[in-house]
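Take a look at the structure below.
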Amino acid sequence: MVLTGWSVGERYWGGYTQKARLQSRWLVPLPTGMDTKTAMAIGTAGFTAMLCVMALEEAGMTPGGDKPILVTGASGGVGSVAVALLAKLGYTVHAVSGRPETEGYLRELGAAGFVSREEMSQPPKPLEAQRWAGAVDTVGGTMLARVLAEIDYGGAVAACGLAGGADLPTTVMPFILRGVKLLGVDSVMCPLPRRRQAWERLVQDLPGNALQSIAHVASLEEVPQLAEDIIAGRVRGRVVVDPNAA
């Protein structure tokens with residue numbers, strides 16, 4: 001079984017335990033072809049990335065267009081998996097990262113182009129040049145406002161994060177003049193049928209070798225330092241915490 005979300009580790013004890021008392025409705029059967037280590041390497045972040053991809057597909061996004069899909073916060077957990085998923089599905093992916101040293105890593109995951117965090121953090125005009133067919137945004141704030149202003153006519157943005165802020169300093173112009181769709185993606189309270197669908201899709205659509213680059217294992221003792229490193233932007237991809245690791 002797989003457990004992500006439902007505020008476990010936030011409102012409920014048990015996020016890092018070897019055993020926990022849980023509500024059965026929180027659990028998703030482990031998909032055929034996936035072991036528990038892989039499931040936790042994907043984790044909440046990878047699950048959220050899959051939900052974002054599904055939202056874009058349902059909004060009409062298809063591979064093969066003349067404009068790329070943008071992924072913000074691309075070197076983080078959600079962004080890394082989103083890049084790998086979209087590239088595997090045939091999309092041309094451009095990645096936004098504030099760390100130039102991650103370009104090789106992101107190219108290995110399938111990114112074909114790169115945009116600096118500094119460029120995408122500049123406050124936009126109500127409408128900018130139409131650069132992107134769609135986007136997965138993990139940042140929010142001014143960056144999401146710029147992404148929306150640069151989306152192609154009829155495009156969509158799957159928004160799932162607020163690393164850059166919870167505000168959204170934009171206008172209605174992208175929505176009423178270009179028909180842009182802003183799609184909110186939540187993984188915490190996501191209903192069970194959609195959870196099952198997303199985990200099945202991850203078995204199918206996440207490249208088998210991607211997690212070797214994205215995830216690494218750490219011990220429980222390393223968690224406090226990892227928390228500081230994540231907040232400081234020094235961690236890329238995913239970290240699997242193994243309570244049994246020395």
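Naming scheme: A, B, ... for chains in displayed order of the structure tokens; residues 1 onward per chain; ligands 1 onward as shown.
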(request) Would you mind listing what lies within 10 Å of A:Gln122 as a ChimeraX atom specification, with only C-alpha atoms counted and same-chain residues fewer than 3 positions away left out? (result) /A:117-119,125,142-143,145-146
(request) Please run DSSP on the backbone and report, as a VMD selection string, all residues within stretch 2-222 of chain A that come out as alpha helix (DSSP H). (result) chain A and resid 36 to 58 77 to 88 103 to 109 117 to 120 141 to 150 173 to 177 192 to 205 210 to 214
Contact check, stretch 123-151 of chain A to stretch 168-191 of chain A, at most 7 Å, counting only C-alpha atoms, closest pairs as CSV:
```
residue,atom,partner,partner_atom,distance
A:Pro126,CA,A:Thr171,CA,6.0
A:Leu127,CA,A:Pro174,CA,6.5
A:Gly140,CA,A:Leu168,CA,6.8
A:Gly141,CA,A:Leu168,CA,4.9
A:Thr142,CA,A:Pro169,CA,6.1
A:Ala145,CA,A:Thr170,CA,5.2
A:Leu148,CA,A:Pro174,CA,6.4
A:Ala149,CA,A:Pro174,CA,5.8
A:Ile151,CA,A:Val180,CA,7.0
```
(request) Find the spatial neighbours of stretch 2-19 of chain A, counting only C-alpha atoms, within a cut-off of 9 Å - ignore same-chain residues fewer than 6 positions away - and output them as a list in words. (result)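 Those residues are Trp26, Leu27, Val28, Pro29, Leu30, Pro31, Thr36, Ala39, Met40, Gly43, Thr44, Phe47, Ser187, Val188, Met189, Cys190, Leu220, Val241, Asp242, Pro243 and Asn244 of chain A.
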Could you give me, as a tab-separated table, every stretch 112-159 of chain A residue with an atom at most 12 Å from stretch 80-83 of chain A, plus its closest atom pair and distance in Å to one decimal, counting only C-alpha atoms, rows ordered by chain then number?
```
residue	atom	partner	partner_atom	distance
A:Ala112	CA	A:Val83	CA	9.8
A:Gly113	CA	A:Val83	CA	11.0
A:Phe114	CA	A:Val83	CA	11.6
A:Ala135	CA	A:Ala82	CA	10.0
A:Val136	CA	A:Ala82	CA	7.5
A:Asp137	CA	A:Ala82	CA	9.9
A:Thr138	CA	A:Ala82	CA	10.2
A:Ala158	CA	A:Ala82	CA	10.9
```
Only N, CA and C atoms, please: the residues just picked out, written as a PDB file, in the first residue's frame.
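Saved to again_22.pdb:
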```pdb
ATOM      1  N   ALA A 112      14.874  20.117 -22.834  1.00  0.00           N
ATOM      2  CA  ALA A 112      15.514  20.517 -24.091  1.00  0.00           C
ATOM      3  C   ALA A 112      15.932  21.978 -24.087  1.00  0.00           C
ATOM      4  N   GLY A 113      15.434  22.740 -23.136  1.00  0.00           N
ATOM      5  CA  GLY A 113      15.770  24.158 -23.064  1.00  0.00           C
ATOM      6  C   GLY A 113      15.737  24.624 -21.620  1.00  0.00           C
ATOM      7  N   PHE A 114      16.364  25.759 -21.370  1.00  0.00           N
ATOM      8  CA  PHE A 114      16.522  26.240 -19.999  1.00  0.00           C
ATOM      9  C   PHE A 114      16.281  27.744 -19.932  1.00  0.00           C
ATOM     10  N   ALA A 135       2.218  24.847 -19.007  1.00  0.00           N
ATOM     11  CA  ALA A 135       3.256  24.870 -17.972  1.00  0.00           C
ATOM     12  C   ALA A 135       2.817  24.100 -16.746  1.00  0.00           C
ATOM     13  N   VAL A 136       3.821  23.603 -16.028  1.00  0.00           N
ATOM     14  CA  VAL A 136       3.654  23.103 -14.660  1.00  0.00           C
ATOM     15  C   VAL A 136       4.368  24.089 -13.765  1.00  0.00           C
ATOM     16  N   ASP A 137       3.641  24.721 -12.857  1.00  0.00           N
ATOM     17  CA  ASP A 137       4.237  25.727 -11.994  1.00  0.00           C
ATOM     18  C   ASP A 137       4.239  25.273 -10.542  1.00  0.00           C
ATOM     19  N   THR A 138       5.428  25.268  -9.935  1.00  0.00           N
ATOM     20  CA  THR A 138       5.577  24.899  -8.528  1.00  0.00           C
ATOM     21  C   THR A 138       5.927  26.095  -7.652  1.00  0.00           C
ATOM     22  N   ALA A 158      -0.808  24.207 -14.968  1.00  0.00           N
ATOM     23  CA  ALA A 158      -1.131  23.420 -13.777  1.00  0.00           C
ATOM     24  C   ALA A 158      -0.308  23.966 -12.621  1.00  0.00           C
TER      25      ALA A 158
END
```
(request) Tell me, as a ChimeraX atom specification, which residues lie within 12 Å of stretch 201-209 of chain A, counting only C-alpha atoms; anything in the same chain fewer than 5 positions away does not count. (result) /A:30-35,38-39,41-43,45-51,53-54,80-90,108-110,194-196,214-215
Take the selection from the previous step and output its residues with C-alpha atoms, as a PDB file, in the first residue's frame.
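Dumped to part.pdb:
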```pdb
ATOM      1  CA  LEU A  30       0.757  -0.467  -4.659  1.00  0.00           C
ATOM      2  CA  PRO A  31       0.524  -0.615  -8.465  1.00  0.00           C
ATOM      3  CA  THR A  32       1.671  -3.774 -10.196  1.00  0.00           C
ATOM      4  CA  GLY A  33       5.289  -3.357 -11.244  1.00  0.00           C
ATOM      5  CA  MET A  34       6.230  -0.920  -8.464  1.00  0.00           C
ATOM      6  CA  ASP A  35       8.007  -1.742  -5.200  1.00  0.00           C
ATOM      7  CA  THR A  38      10.237   3.184  -5.876  1.00  0.00           C
ATOM      8  CA  ALA A  39       6.905   4.416  -4.502  1.00  0.00           C
ATOM      9  CA  ALA A  41      11.251   7.762  -4.295  1.00  0.00           C
ATOM     10  CA  ILE A  42       8.303   9.102  -6.277  1.00  0.00           C
ATOM     11  CA  GLY A  43       6.502  10.186  -3.107  1.00  0.00           C
ATOM     12  CA  ALA A  45       6.204  15.236  -5.131  1.00  0.00           C
ATOM     13  CA  GLY A  46       6.165  12.726  -7.966  1.00  0.00           C
ATOM     14  CA  PHE A  47       2.506  11.958  -7.385  1.00  0.00           C
ATOM     15  CA  THR A  48       1.759  15.692  -7.585  1.00  0.00           C
ATOM     16  CA  ALA A  49       3.764  15.963 -10.806  1.00  0.00           C
ATOM     17  CA  MET A  50       1.649  13.201 -12.339  1.00  0.00           C
ATOM     18  CA  LEU A  51      -1.545  14.979 -11.296  1.00  0.00           C
ATOM     19  CA  VAL A  53       0.456  16.230 -16.230  1.00  0.00           C
ATOM     20  CA  MET A  54      -3.011  14.670 -16.117  1.00  0.00           C
ATOM     21  CA  SER A  80      12.184  16.932 -11.680  1.00  0.00           C
ATOM     22  CA  VAL A  81       9.498  14.275 -12.034  1.00  0.00           C
ATOM     23  CA  ALA A  82       7.369  16.588 -14.200  1.00  0.00           C
ATOM     24  CA  VAL A  83      10.289  17.099 -16.598  1.00  0.00           C
ATOM     25  CA  ALA A  84      10.881  13.344 -16.850  1.00  0.00           C
ATOM     26  CA  LEU A  85       7.186  12.541 -17.337  1.00  0.00           C
ATOM     27  CA  LEU A  86       6.547  15.207 -19.976  1.00  0.00           C
ATOM     28  CA  ALA A  87       9.682  14.314 -21.925  1.00  0.00           C
ATOM     29  CA  LYS A  88       8.761  10.612 -21.883  1.00  0.00           C
ATOM     30  CA  LEU A  89       5.293  11.483 -23.196  1.00  0.00           C
ATOM     31  CA  GLY A  90       6.814  13.329 -26.148  1.00  0.00           C
ATOM     32  CA  GLU A 108      19.441  13.960 -18.500  1.00  0.00           C
ATOM     33  CA  LEU A 109      15.789  13.915 -17.389  1.00  0.00           C
ATOM     34  CA  GLY A 110      14.685  15.193 -20.792  1.00  0.00           C
ATOM     35  CA  ARG A 194      -7.818   9.778  -9.073  1.00  0.00           C
ATOM     36  CA  ARG A 195      -4.998   8.659  -6.787  1.00  0.00           C
ATOM     37  CA  ARG A 196      -5.225   5.155  -8.236  1.00  0.00           C
ATOM     38  CA  ILE A 214      16.183  12.124  -9.070  1.00  0.00           C
ATOM     39  CA  ALA A 215      16.219  10.325  -5.705  1.00  0.00           C
TER      40      ALA A 215
END
```
(message) I need the residues of stretch 35-237 of chain A that end up classed as strand (DSSP E) by DSSP on the backbone, written out as a PyMOL selection string.
(response) chain A and resi 69-71+93-97+113-116+132-137+151-159+181-184+215-219
Could those selected residues go to a file with C-alpha atoms, as a tab-separated table (two decimals), in the first residue's frame?
```tsv
chain	number	residue	atom	x	y	z
A	69	ILE	CA	5.87	23.07	-22.09
A	70	LEU	CA	7.52	25.03	-19.27
A	71	VAL	CA	8.31	23.56	-15.84
A	93	VAL	CA	10.18	20.60	-22.15
A	94	HIS	CA	11.91	23.79	-21.05
A	95	ALA	CA	13.01	24.05	-17.44
A	96	VAL	CA	13.27	27.01	-15.08
A	97	SER	CA	15.90	26.72	-12.36
A	113	GLY	CA	15.77	24.16	-23.06
A	114	PHE	CA	16.52	26.24	-20.00
A	115	VAL	CA	15.32	29.57	-18.61
A	116	SER	CA	16.83	31.37	-15.64
A	132	TRP	CA	4.73	28.30	-23.97
A	133	ALA	CA	1.99	25.86	-24.95
A	134	GLY	CA	1.42	25.13	-21.28
A	135	ALA	CA	3.26	24.87	-17.97
A	136	VAL	CA	3.65	23.10	-14.66
A	137	ASP	CA	4.24	25.73	-11.99
A	151	ILE	CA	1.14	31.13	-22.34
A	152	ASP	CA	-0.03	30.55	-25.90
A	153	TYR	CA	-3.65	31.10	-26.90
A	154	GLY	CA	-5.83	28.36	-25.40
A	155	GLY	CA	-3.00	27.00	-23.28
A	156	ALA	CA	-3.06	25.89	-19.66
A	157	VAL	CA	-0.98	26.10	-16.48
A	158	ALA	CA	-1.13	23.42	-13.78
A	159	ALA	CA	-0.28	25.21	-10.52
A	181	LYS	CA	-6.66	28.11	-18.17
A	182	LEU	CA	-5.22	28.12	-14.64
A	183	LEU	CA	-5.61	24.62	-13.19
A	184	GLY	CA	-5.24	24.16	-9.45
A	215	ALA	CA	16.22	10.32	-5.70
A	216	HIS	CA	18.73	9.36	-3.05
A	217	VAL	CA	18.35	7.68	0.34
A	218	ALA	CA	19.08	9.34	3.69
A	219	SER	CA	18.84	8.24	7.31
```
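Using only C-alpha atoms for every distance, the candidate list A:Pro124, A:Pro193, A:Gly76, A:Pro68 yields A:Gly76 as the residue closest to A:Ile231.
Of the listed residues A:Arg107, A:Ala232, A:Leu226, A:Val240, the one whose atoms come nearest to A:Ala210 is A:Arg107, with distances taken using only C-alpha atoms.
Between atom CA of A:Gln225 and atom CA of A:Gly73 the separation is 21.1 Å.
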(message) Report, in Å to a single decimal, how far apart atom CA of A:Cys160 and atom CA of A:Cys52 are.
(response)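 One can read the atom CA of A:Cys52 to atom CA of A:Cys160 distance as 7.6 Å.
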(message) Considering only C-alpha atoms, can you say which of A:Met61, A:Ala163, A:Met120, A:Ala55 comes closest to A:Gly233?
(response)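 So, comparing all the options, the nearest one is A:Ala163.
Proximity of A:Ala20, A:Ser75, A:Glu57, A:Pro123 to A:Arg238, computed with only C-alpha atoms, is greatest for A:Ser75.
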